[in-house]
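Asks: Dropping in structure_15.cif, which is mmCIF, C-alpha atoms:
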```cif
data_work
#
loop_
_atom_site.label_atom_id
_atom_site.label_comp_id
_atom_site.auth_asym_id
_atom_site.auth_seq_id
_atom_site.Cartn_x
_atom_site.Cartn_y
_atom_site.Cartn_z
CA HIS A 126 27.20 8.52 -5.04
CA HIS A 127 26.69 11.30 -7.61
CA ASP A 128 28.33 14.62 -8.39
CA ALA A 129 26.29 17.85 -8.45
CA SER A 130 24.95 17.21 -11.95
CA GLY A 131 24.10 13.60 -11.15
CA ARG A 132 22.27 14.60 -7.97
CA ALA A 133 20.27 17.23 -9.84
CA GLN A 134 19.23 14.69 -12.46
CA LEU A 135 18.34 12.16 -9.77
CA ILE A 136 16.07 14.69 -8.06
CA GLN A 137 14.34 15.42 -11.36
CA ILE A 138 13.77 11.70 -11.92
CA ILE A 139 12.36 11.18 -8.42
CA ILE A 140 9.97 14.13 -8.70
CA GLN A 141 8.76 13.16 -12.18
CA ILE A 142 8.16 9.54 -11.20
CA TYR A 143 6.29 10.69 -8.10
CA LEU A 144 4.03 12.94 -10.15
CA VAL A 145 3.37 10.17 -12.67
CA CYS A 146 2.40 7.72 -9.91
CA ALA A 147 0.76 9.99 -7.32
CA LEU A 148 -1.53 12.15 -9.42
CA PRO A 149 -3.55 9.26 -10.91
CA LEU A 150 -3.86 7.62 -7.49
CA LEU A 151 -5.10 10.81 -5.84
CA LEU A 152 -7.53 11.38 -8.69
CA MET A 153 -8.81 7.82 -8.24
CA VAL A 154 -9.33 8.47 -4.53
CA CYS A 155 -11.40 11.55 -5.33
CA LEU A 156 -13.55 9.64 -7.82
CA LEU A 157 -14.11 6.73 -5.43
CA GLN A 158 -15.03 9.06 -2.61
CA THR A 159 -17.48 11.11 -4.64
CA CYS A 160 -19.07 8.30 -6.68
CA TRP A 161 -19.09 5.09 -4.65
CA LEU A 162 -18.09 5.69 -1.03
CA THR A 163 -19.99 7.55 1.66
CA PRO A 164 -19.75 11.31 0.94
CA CYS A 165 -17.66 13.33 3.40
CA ASN A 166 -16.94 16.97 4.06
CA PRO A 167 -15.37 18.41 0.86
CA LEU A 168 -13.09 20.63 2.94
CA LEU A 169 -11.72 17.66 4.90
CA LEU A 170 -11.32 15.60 1.72
CA GLY A 171 -9.53 18.37 -0.13
CA CYS A 172 -7.21 19.15 2.77
CA GLY A 173 -6.40 15.47 3.30
CA ILE A 174 -5.54 14.88 -0.36
CA ALA A 175 -3.47 18.07 -0.58
CA ILE A 176 -1.56 17.14 2.60
CA ALA A 177 -0.85 13.65 1.27
CA PHE A 178 0.38 15.13 -2.02
CA LEU A 179 2.62 17.89 -0.61
CA HIS A 180 4.11 15.84 2.23
CA PHE A 181 6.39 14.11 -0.28
CA PHE A 182 8.07 17.36 -1.37
CA VAL A 183 8.73 18.53 2.18
CA GLU A 184 10.14 15.13 3.15
CA LEU A 185 12.33 15.16 0.03
CA LEU A 186 13.69 18.55 1.09
CA TYR A 187 14.51 17.18 4.54
CA GLN A 188 16.32 14.19 3.03
CA LEU A 189 18.37 16.44 0.75
CA LEU A 190 19.40 18.66 3.63
CA ARG A 191 20.40 15.61 5.69
CA TYR A 192 22.55 14.12 2.94
CA GLU A 193 24.13 17.50 2.20
CA GLN A 194 24.81 17.94 5.93
CA ARG A 195 22.92 21.24 6.13
CA SER A 196 21.87 20.51 9.69
CA ILE A 197 21.40 24.14 10.82
CA LEU A 198 19.10 24.91 7.89
CA LEU A 199 17.22 21.64 8.44
CA ILE A 200 16.62 22.33 12.12
CA THR A 201 15.57 25.91 11.36
CA ILE A 202 12.99 24.77 8.80
CA GLN A 203 11.65 22.03 11.09
CA LEU A 204 11.34 24.37 14.07
CA GLY A 205 9.71 27.02 11.90
CA SER A 206 7.25 24.45 10.54
CA ALA A 207 6.33 23.30 14.04
CA LEU A 208 5.81 26.89 15.20
CA ILE A 209 3.69 27.80 12.18
CA THR A 210 1.58 24.66 12.58
CA ALA A 211 0.94 25.38 16.26
CA CYS A 212 0.08 29.05 15.69
CA CYS A 213 -2.19 28.34 12.72
CA THR A 214 -3.96 25.53 14.58
CA LEU A 215 -4.72 27.77 17.56
CA ALA A 216 -5.80 30.65 15.33
CA PHE A 217 -8.17 28.50 13.27
CA LEU A 218 -9.60 26.76 16.32
CA TYR A 219 -10.38 30.00 18.12
CA GLN A 220 -11.37 32.17 15.14
CA THR A 221 -13.13 29.87 12.66
CA GLN A 222 -14.57 27.13 14.91
CA LEU A 223 -13.96 24.55 12.16
CA GLY A 224 -12.98 21.75 14.52
CA ILE A 225 -10.76 19.07 12.98
CA ALA A 226 -10.62 21.03 9.73
CA SER A 227 -8.62 23.67 11.60
CA ILE A 228 -5.86 21.15 12.28
CA LEU A 229 -5.81 20.00 8.65
CA LEU A 230 -5.75 23.58 7.35
CA ALA A 231 -2.83 24.42 9.64
CA GLN A 232 -0.90 21.38 8.40
CA LEU A 233 -1.72 22.28 4.80
CA ILE A 234 -0.44 25.84 5.21
CA THR A 235 2.77 24.56 6.74
CA LEU A 236 3.29 22.06 3.91
CA ILE A 237 2.62 24.74 1.27
CA LEU A 238 5.24 26.98 2.87
CA GLY A 239 7.66 24.05 3.19
CA THR A 240 7.17 23.15 -0.46
CA GLY A 241 7.86 26.77 -1.37
CA VAL A 242 11.09 26.65 0.62
CA GLY A 243 12.02 23.44 -1.18
CA ILE A 244 11.40 25.02 -4.59
CA ALA A 245 13.52 28.04 -3.63
CA TYR A 246 16.30 25.77 -2.36
CA TYR A 247 16.19 23.76 -5.58
CA ARG A 248 16.30 26.86 -7.76
CA THR A 249 19.22 28.43 -5.91
CA THR A 250 21.46 25.42 -5.21
CA ILE A 251 20.56 22.52 -7.51
CA TYR A 252 18.86 23.87 -10.62
CA ARG A 253 22.03 25.45 -12.01
CA HIS A 254 23.64 21.99 -12.19
CA SER A 255 20.68 20.35 -13.91
CA THR A 256 20.27 19.56 -17.58
CA ARG A 257 17.12 18.95 -19.57
CA PHE A 258 15.87 15.47 -18.89
CA THR A 259 12.91 13.59 -20.35
CA LEU A 260 11.52 10.72 -18.33
CA THR A 261 11.29 7.46 -20.27
CA GLY A 262 9.43 4.26 -19.57
CA HIS A 263 12.69 2.38 -19.07
CA THR A 264 13.92 4.87 -16.45
CA THR A 265 10.57 4.79 -14.67
CA LYS A 266 10.59 1.01 -14.56
CA GLN A 267 14.17 0.94 -13.32
CA TYR A 268 13.55 3.28 -10.41
CA LEU A 269 10.24 1.69 -9.50
CA LEU A 270 12.01 -1.66 -9.29
CA TYR A 271 14.59 -0.03 -7.04
CA GLY A 272 11.93 1.49 -4.81
CA LEU A 273 9.28 -1.21 -4.56
CA PRO A 274 11.36 -3.58 -2.37
CA PHE A 275 11.46 -0.91 0.34
CA ILE A 276 7.69 -1.05 0.82
CA PRO A 277 7.84 -4.30 2.85
CA ASN A 278 10.77 -2.85 4.80
CA THR A 279 8.62 0.12 5.83
CA LEU A 280 5.72 -2.15 6.77
CA PHE A 281 7.90 -4.50 8.84
CA ALA A 282 9.63 -1.56 10.56
CA TRP A 283 6.25 -0.05 11.39
CA PHE A 284 4.96 -3.34 12.74
CA LEU A 285 8.13 -3.93 14.77
CA ALA A 286 7.74 -0.49 16.34
CA SER A 287 3.95 -0.54 16.86
CA GLY A 288 2.77 -4.14 16.69
CA ASP A 289 3.50 -4.78 20.36
CA ARG A 290 0.57 -2.61 21.38
CA TRP A 291 -1.82 -4.66 19.25
CA MET A 292 -0.57 -7.85 20.85
CA LEU A 293 -0.89 -6.33 24.31
CA ALA A 294 -4.42 -5.19 23.57
CA GLU A 295 -5.29 -8.71 22.40
CA TYR A 296 -3.62 -10.79 25.12
CA ALA A 297 -3.35 -8.35 28.05
CA THR A 298 -5.26 -5.24 29.11
CA LEU A 299 -5.61 -1.68 27.84
CA HIS A 300 -3.90 -0.57 31.04
CA ASP A 301 -0.79 -2.47 29.90
CA VAL A 302 -1.06 -0.82 26.49
CA GLY A 303 -1.05 2.61 28.13
CA ILE A 304 1.93 1.75 30.33
CA TYR A 305 3.84 0.42 27.32
CA ALA A 306 3.04 3.57 25.34
CA LEU A 307 4.40 5.68 28.18
CA ALA A 308 7.60 3.63 28.33
CA ASP A 309 7.90 3.83 24.56
CA MET A 310 8.08 7.62 24.81
CA GLY A 311 11.65 7.14 26.02
CA CYS A 312 12.41 5.27 22.78
CA GLN A 313 10.87 8.07 20.75
CA LEU A 314 13.08 10.54 22.58
CA PHE A 315 16.13 8.35 21.84
CA GLN A 316 15.19 8.26 18.16
CA LEU A 317 14.70 12.02 18.07
CA LEU A 318 17.94 12.93 19.82
CA ILE A 319 20.27 10.10 18.73
CA LEU A 320 19.04 8.22 15.66
CA ASN A 321 17.76 11.24 13.72
CA SER A 322 20.93 13.17 14.53
CA TRP A 323 23.00 10.19 13.40
CA ALA A 324 21.08 9.99 10.11
CA GLY A 325 21.54 13.70 9.50
CA SER A 326 25.25 13.92 10.27
CA TYR A 327 27.16 10.63 10.38
CA LEU A 328 25.42 8.82 7.52
CA PRO A 329 26.25 11.44 4.85
CA TYR A 330 29.78 11.66 6.24
CA ILE A 331 30.51 7.93 6.03
CA LEU A 332 28.88 7.54 2.59
CA LYS A 333 31.00 10.40 1.29
CA ASN A 334 34.12 8.72 2.69
CA TYR A 335 33.21 5.50 0.92
CA MET A 336 32.77 7.34 -2.36
CA LEU A 337 35.97 9.42 -2.16
CA ASN A 338 38.23 6.56 -1.01
CA PRO A 339 37.20 3.40 -2.89
CA THR A 340 40.61 1.77 -2.45
CA GLN A 341 40.45 2.24 1.33
CA ILE A 342 36.82 1.27 1.75
CA LEU A 343 37.50 -1.78 3.93
CA ALA A 344 39.73 0.21 6.27
CA ILE A 345 37.02 2.89 6.49
CA GLU A 346 34.44 0.20 7.28
CA ARG A 347 36.60 -1.24 10.06
CA THR A 348 36.78 2.24 11.54
CA ASN A 349 33.01 2.54 11.17
CA LEU A 350 32.47 -0.70 13.09
CA THR A 351 34.90 0.50 15.76
CA TYR A 352 32.77 3.63 16.15
CA MET A 353 29.73 1.37 16.33
CA VAL A 354 31.14 -0.63 19.24
CA ALA A 355 32.25 2.52 21.04
CA CYS A 356 28.85 4.20 20.65
CA MET A 357 26.94 1.12 21.75
CA ILE A 358 29.13 0.66 24.83
CA GLY A 359 28.80 4.35 25.63
CA CYS A 360 25.00 4.20 25.35
CA ILE A 361 24.85 1.09 27.54
CA VAL A 362 26.96 2.81 30.20
CA CYS A 363 24.69 5.87 30.02
CA ILE A 364 21.58 3.69 30.41
CA LEU A 365 23.05 1.83 33.38
CA PHE A 366 24.05 5.12 34.96
CA GLY A 367 20.59 6.53 34.28
CA TYR A 368 18.92 3.48 35.73
CA PHE A 369 20.64 3.87 39.08
CA THR A 370 20.57 7.67 39.26
CA CYS A 371 17.46 8.80 37.37
CA THR A 372 14.97 6.15 38.50
CA PRO A 373 14.28 7.89 41.84
CA LEU A 374 13.78 11.20 40.02
CA ILE A 375 11.37 9.65 37.51
CA MET A 376 9.44 8.00 40.34
CA TRP A 377 9.16 11.39 42.04
CA LEU A 378 7.97 13.13 38.85
CA LEU A 379 5.47 10.50 37.69
CA PRO A 380 2.25 9.65 39.50
CA THR A 381 2.27 6.34 41.36
CA ALA A 382 -0.03 4.73 38.78
CA TYR A 383 2.70 5.14 36.12
CA HIS A 384 5.64 3.73 38.11
CA THR A 385 5.24 0.36 36.39
CA ALA A 386 6.42 2.02 33.15
CA ILE A 387 9.91 2.66 34.54
CA ALA A 388 11.28 -0.89 34.28
CA PRO A 389 10.08 -1.43 30.66
CA LEU A 390 11.60 1.94 29.74
CA TRP A 391 15.17 0.78 30.36
CA ILE A 392 14.60 -2.54 28.58
CA LEU A 393 13.19 -0.80 25.50
CA LEU A 394 16.12 1.63 25.48
CA LEU A 395 18.51 -1.35 25.28
CA GLY A 396 16.63 -2.40 22.17
CA GLN A 397 17.20 1.07 20.71
CA ILE A 398 20.94 0.61 21.23
CA CYS A 399 20.77 -2.52 19.09
CA LEU A 400 18.90 -0.47 16.50
CA LEU A 401 21.67 2.13 16.60
CA GLY A 402 24.23 -0.62 16.00
CA SER A 403 22.25 -1.86 13.00
CA TYR A 404 22.32 1.69 11.62
CA PHE A 405 26.13 1.65 11.72
CA ALA A 406 26.33 -1.84 10.21
CA SER A 407 23.90 -1.01 7.39
CA THR A 408 25.88 1.94 5.98
CA PHE A 409 28.26 -0.37 4.10
CA ILE A 410 25.24 -2.29 2.80
CA GLN A 411 23.51 0.90 1.69
CA PHE A 412 26.59 2.06 -0.18
CA HIS A 413 26.65 -1.18 -2.19
CA LYS A 414 22.89 -0.81 -2.89
CA LYS A 415 21.90 -4.21 -1.53
CA ARG A 416 18.28 -3.14 -1.62
CA TRP A 417 16.79 -6.62 -1.24
CA PHE A 418 18.54 -7.15 2.07
CA LEU A 419 17.65 -3.63 3.19
CA SER A 420 14.03 -4.23 2.22
CA LEU A 421 13.65 -7.68 3.77
CA GLY A 422 16.15 -7.47 6.64
CA LEU A 423 13.40 -6.55 9.10
CA CYS A 424 11.16 -9.44 8.03
CA ILE A 425 12.71 -12.08 10.30
CA PRO A 426 12.91 -9.82 13.42
CA ALA A 427 9.30 -8.68 12.93
CA LEU A 428 8.05 -12.27 12.63
CA ILE A 429 10.11 -13.34 15.65
CA ASN A 430 8.65 -10.42 17.57
CA ILE A 431 5.14 -11.65 16.78
CA VAL A 432 5.94 -15.21 17.87
CA LEU A 433 7.64 -14.11 21.10
CA ASN A 434 4.80 -11.74 21.95
CA TYR A 435 2.29 -14.52 21.31
CA CYS A 436 4.19 -16.85 23.66
CA TRP A 437 5.35 -14.46 26.37
CA ILE A 438 2.52 -11.95 26.84
CA PRO A 439 0.04 -14.54 28.20
CA MET A 440 2.70 -15.78 30.64
CA PHE A 441 4.59 -12.63 31.62
CA GLY A 442 2.33 -9.78 30.51
CA LEU A 443 3.98 -6.41 29.89
CA THR A 444 7.43 -7.71 30.84
CA GLY A 445 7.23 -10.43 28.20
CA CYS A 446 6.28 -7.84 25.58
CA THR A 447 9.26 -5.61 26.35
CA TYR A 448 11.72 -8.52 26.30
CA ALA A 449 10.23 -9.71 22.99
CA THR A 450 10.93 -6.27 21.50
CA LEU A 451 14.48 -6.32 22.88
CA CYS A 452 15.12 -9.77 21.36
CA ALA A 453 13.74 -8.66 17.99
CA TYR A 454 16.05 -5.64 17.80
CA CYS A 455 19.03 -7.74 18.92
CA ILE A 456 18.32 -10.26 16.16
CA TYR A 457 18.00 -7.46 13.60
CA PHE A 458 21.38 -6.09 14.71
CA LEU A 459 23.05 -9.51 14.46
CA ILE A 460 21.56 -10.19 11.03
CA THR A 461 22.72 -6.81 9.72
CA LEU A 462 26.19 -7.19 11.22
CA CYS A 463 26.62 -10.72 9.79
CA TYR A 464 25.62 -9.55 6.32
CA ASN A 465 27.98 -6.58 6.67
CA LEU A 466 30.89 -8.92 7.43
CA PHE A 467 29.87 -11.22 4.57
CA LEU A 468 29.77 -8.27 2.18
CA GLN A 469 33.20 -7.10 3.36
CA LYS A 470 34.55 -10.55 2.60
CA GLN A 471 33.05 -10.41 -0.90
CA VAL A 472 34.63 -7.01 -1.53
CA LEU A 473 38.00 -8.29 -0.29
CA LEU A 474 37.86 -11.38 -2.52
CA ARG A 475 36.91 -9.24 -5.50
CA SER A 476 39.81 -6.86 -4.88
CA VAL A 477 42.23 -9.81 -4.52
CA HIS A 478 40.92 -11.28 -7.77
CA GLU A 479 41.39 -7.97 -9.58
CA ALA A 480 44.89 -7.62 -8.13
CA HIS A 481 45.64 -11.18 -9.24
CA LYS A 482 44.58 -10.40 -12.82
CA THR A 483 46.58 -7.17 -12.80
CA LEU A 484 49.72 -8.94 -11.60
CA PHE A 485 49.62 -12.15 -13.59
CA ILE A 486 48.05 -11.37 -16.97
CA PRO A 487 50.90 -9.08 -18.15
CA ALA A 488 53.41 -11.66 -16.97
CA TYR A 489 51.59 -14.38 -18.91
CA PHE A 490 51.68 -12.46 -22.18
CA ASN A 491 55.34 -11.66 -21.63
CA GLY A 492 56.07 -15.38 -21.49
CA SER A 493 56.77 -15.47 -17.75
CA HIS A 494 54.80 -17.91 -15.59
CA THR A 495 56.69 -17.28 -12.35
CA THR A 496 55.86 -14.98 -9.51
CA THR A 497 58.38 -12.85 -7.70
CA HIS A 498 58.91 -13.16 -3.99
CA ALA A 499 57.55 -9.62 -3.48
CA THR A 500 54.40 -10.40 -5.45
CA GLN A 501 53.77 -13.56 -3.45
CA LYS A 502 54.19 -11.62 -0.23
CA GLU A 503 51.71 -8.95 -1.39
CA LEU A 504 49.11 -11.59 -2.25
CA GLU A 505 49.57 -13.28 1.12
CA LEU A 506 49.03 -9.93 2.84
CA THR A 507 45.80 -9.31 0.94
CA LYS A 508 44.29 -12.44 2.53
CA PHE A 509 44.28 -10.64 5.86
#
```
The structure in this file should be written as structure tokens.
Replies:
Amino acid sequence: HHDASGRAQLIQIIIQIYLVCALPLLLMVCLLQTCWLTPCNPLLLGCGIAIAFLHFFVELLYQLLRYEQRSILLITIQLGSALITACCTLAFLYQTQLGIASILLAQLITLILGTGVGIAYYRTTIYRHSTRFTLTGHTTKQYLLYGLPFIPNTLFAWFLASGDRWMLAEYATLHDVGIYALADMGCQLFQLLILNSWAGSYLPYILKNYMLNPTQILAIERTNLTYMVACMIGCIVCILFGYFTCTPLIMWLLPTAYHTAIAPLWILLLGQICLLGSYFASTFIQFHKKRWFLSLGLCIPALINIVLNYCWIPMFGLTGCTYATLCAYCIYFLITLCYNLFLQKQVLLRSVHEAHKTLFIPAYFNGSHTTTHATQKELELTKF
């Protein structure tokens, strides 16, 4: 929504607020661990705290690159980070014999390098647009109020994605949990290849279109929903094609003990298509900053998922769990789409109201209380 200067100032605000909030919390964790809780390895504690602190800056860099559509640079940094992490982990494991500390040290080195890349990117592309900014209590409060509603959204999304395994462990067997986890790997692959790519390419594109064409925003949104329908239908066709053509291949590749994961895989992938549709429908909502809906929109699907799992797992086992997940994602898609259509209607009514004021107020002050035939026709057209 901002120009280059506005984006630079926004990044400064985010970083300053993070430092104000995170540093005291991390210091409190250190004091609690050293004074009251059971002492642990100082190396593990230090690495864990440093990783938690630096992860924010690397993730912020990734978000900036996504919204600026720098996909090649983003992929290069992510691949480089994965390679460095793997090499450092192997080197530390074989050379230092530090055990789990080797993994943490490798992650810490990668995050330090990623933070350095982020600082360099900020200095070369964003810093020149920035102006001196001093964080105030009012600004901090404003952005904290914007951000706090998204905490329940993250928790509900996490529970919707992972809570099924808890329910399976409680009402079924650990074997079912393992089979579900194997089937869920297909969903993770869908998120990696489709949803993450969508968030890194299409989302910045559509938000930029909204911003540059405010008078055509409803037409752009209709096009967006058309793309949504086309993508969902295309994904459904691909899944149906894959079900009939790839199932024999998967059965040949997987051991016999894992064949029961094939049927839940296709059901869970249908749920991911509903999630993809909700991504399309939520772009218009994101642009209008309806943060309370975005933060609580997953509440109802997550609760329905719990209820359906509670009812269906004892009766149908793993199949009931997969269908409960599919129903939850379908409900989330329908809720998001309905709110999208409601918001479009509000925008249309507001534009008609503004057009009405523009057309009639000058006529009123000129002493004319009549409306021309052309004006009446324009107003009738705006209803559609």
Asks: Which protein, DNA or RNA residues are at most 12 Å from (6.5, -4.6, 12.7) in the file's coordinates when you count all atoms listed in the file, listed as a ChimeraX atom specification?
Replies: /A:277-292,421-432,434,450,453-454,457
Asks: Quick check, in Å to one decimal: how far apart do CA of Gly359 (chain A) and CA of Gly402 (chain A) lie?
Replies: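 Separating CA of Gly359 (chain A) from CA of Gly402 (chain A) is a distance of 11.8 Å.
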Asks: Given the PyMOL selection byres ((chain A and resi 307) around 12) and the file above, list the residues it selects as a list of chain:residue names.
Replies: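 Applying the PyMOL selection byres ((chain A and resi 307) around 12) to the structure shown produces A:Arg290, A:His300, A:Asp301, A:Val302, A:Gly303, A:Ile304, A:Tyr305, A:Ala306, A:Ala308, A:Asp309, A:Met310, A:Gly311, A:Cys312, A:Gln313, A:Leu314, A:Leu379, A:Ala382, A:Tyr383, A:His384, A:Thr385, A:Ala386, A:Ile387, A:Ala388, A:Pro389, A:Leu390, A:Leu393.
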Asks: Quick one: write out the picked residues with C-alpha atoms as a PDB file, keeping the file's coordinate frame?
Replies:
```pdb
ATOM      1  CA  ARG A 290       0.570  -2.610  21.380  1.00  0.00           C
ATOM      2  CA  HIS A 300      -3.900  -0.570  31.040  1.00  0.00           C
ATOM      3  CA  ASP A 301      -0.790  -2.470  29.900  1.00  0.00           C
ATOM      4  CA  VAL A 302      -1.060  -0.820  26.490  1.00  0.00           C
ATOM      5  CA  GLY A 303      -1.050   2.610  28.130  1.00  0.00           C
ATOM      6  CA  ILE A 304       1.930   1.750  30.330  1.00  0.00           C
ATOM      7  CA  TYR A 305       3.840   0.420  27.320  1.00  0.00           C
ATOM      8  CA  ALA A 306       3.040   3.570  25.340  1.00  0.00           C
ATOM      9  CA  ALA A 308       7.600   3.630  28.330  1.00  0.00           C
ATOM     10  CA  ASP A 309       7.900   3.830  24.560  1.00  0.00           C
ATOM     11  CA  MET A 310       8.080   7.620  24.810  1.00  0.00           C
ATOM     12  CA  GLY A 311      11.650   7.140  26.020  1.00  0.00           C
ATOM     13  CA  CYS A 312      12.410   5.270  22.780  1.00  0.00           C
ATOM     14  CA  GLN A 313      10.870   8.070  20.750  1.00  0.00           C
ATOM     15  CA  LEU A 314      13.080  10.540  22.580  1.00  0.00           C
ATOM     16  CA  LEU A 379       5.470  10.500  37.690  1.00  0.00           C
ATOM     17  CA  ALA A 382      -0.030   4.730  38.780  1.00  0.00           C
ATOM     18  CA  TYR A 383       2.700   5.140  36.120  1.00  0.00           C
ATOM     19  CA  HIS A 384       5.640   3.730  38.110  1.00  0.00           C
ATOM     20  CA  THR A 385       5.240   0.360  36.390  1.00  0.00           C
ATOM     21  CA  ALA A 386       6.420   2.020  33.150  1.00  0.00           C
ATOM     22  CA  ILE A 387       9.910   2.660  34.540  1.00  0.00           C
ATOM     23  CA  ALA A 388      11.280  -0.890  34.280  1.00  0.00           C
ATOM     24  CA  PRO A 389      10.080  -1.430  30.660  1.00  0.00           C
ATOM     25  CA  LEU A 390      11.600   1.940  29.740  1.00  0.00           C
ATOM     26  CA  LEU A 393      13.190  -0.800  25.500  1.00  0.00           C
TER      27      LEU A 393
END
```
Asks: May I have the residues within 12 Å of Gln188 (chain A) as a list in words, using only C-alpha atoms and disregarding those fewer than 4 positions away in the same chain?
Replies: Ile136, Phe181, Phe182, Val183, Glu184, Tyr192, Glu193, Gln194, Arg195, Ser196, Leu199, Gly243, Asn321, Ala324, Gly325, Ser326, Leu328 and Pro329 of chain A
Asks: At what distance in Å, to one decimal, does CA of Leu317 (chain A) lie from CA of Leu218 (chain A)?
Replies: 28.5 Å
Asks: Report, in Å to a single decimal, how far apart CA of Leu394 (chain A) and CA of Leu293 (chain A) are.
Replies: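 According to the coordinates, CA of Leu293 (chain A) and CA of Leu394 (chain A) are separated by 18.8 Å.
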Asks: Adding 6 Å on each side of the box along x, y and z that holds all listed atoms of region 375-385 of chain A, could you give its centre and edge lengths in Å to one decimal, as AutoDock Vina command-line options?
Replies:
```
--center_x 5.7 --center_y 6.7 --center_z 39.1 --size_x 23.4 --size_y 24.8 --size_z 17.9
```
Asks: Identify all residues satisfying the PyMOL selection byres ((chain A and resi 168) around 12) in the given file; provide them as a list of chain:residue names.
Replies: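 Taken over the shown coordinates, the PyMOL selection byres ((chain A and resi 168) around 12) returns A:Pro164, A:Cys165, A:Asn166, A:Pro167, A:Leu169, A:Leu170, A:Gly171, A:Cys172, A:Gly173, A:Ile174, A:Ala175, A:Leu223, A:Gly224, A:Ile225, A:Ala226, A:Ser227, A:Ile228, A:Leu229, A:Leu230, A:Leu233.
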Asks: Keeping C-alpha atoms for every residue in the selection just given, could you write it to a file as a PDB file, keeping the file's coordinate frame?
Replies:
```pdb
ATOM      1  CA  PRO A 164     -19.750  11.310   0.940  1.00  0.00           C
ATOM      2  CA  CYS A 165     -17.660  13.330   3.400  1.00  0.00           C
ATOM      3  CA  ASN A 166     -16.940  16.970   4.060  1.00  0.00           C
ATOM      4  CA  PRO A 167     -15.370  18.410   0.860  1.00  0.00           C
ATOM      5  CA  LEU A 169     -11.720  17.660   4.900  1.00  0.00           C
ATOM      6  CA  LEU A 170     -11.320  15.600   1.720  1.00  0.00           C
ATOM      7  CA  GLY A 171      -9.530  18.370  -0.130  1.00  0.00           C
ATOM      8  CA  CYS A 172      -7.210  19.150   2.770  1.00  0.00           C
ATOM      9  CA  GLY A 173      -6.400  15.470   3.300  1.00  0.00           C
ATOM     10  CA  ILE A 174      -5.540  14.880  -0.360  1.00  0.00           C
ATOM     11  CA  ALA A 175      -3.470  18.070  -0.580  1.00  0.00           C
ATOM     12  CA  LEU A 223     -13.960  24.550  12.160  1.00  0.00           C
ATOM     13  CA  GLY A 224     -12.980  21.750  14.520  1.00  0.00           C
ATOM     14  CA  ILE A 225     -10.760  19.070  12.980  1.00  0.00           C
ATOM     15  CA  ALA A 226     -10.620  21.030   9.730  1.00  0.00           C
ATOM     16  CA  SER A 227      -8.620  23.670  11.600  1.00  0.00           C
ATOM     17  CA  ILE A 228      -5.860  21.150  12.280  1.00  0.00           C
ATOM     18  CA  LEU A 229      -5.810  20.000   8.650  1.00  0.00           C
ATOM     19  CA  LEU A 230      -5.750  23.580   7.350  1.00  0.00           C
ATOM     20  CA  LEU A 233      -1.720  22.280   4.800  1.00  0.00           C
TER      21      LEU A 233
END
```
Asks: Considering all atoms listed in the file, can you say which of A:Thr351, A:Ser420, A:Gln471, A:Ser130 comes closest to Phe275 (chain A)?
Replies: A:Ser420
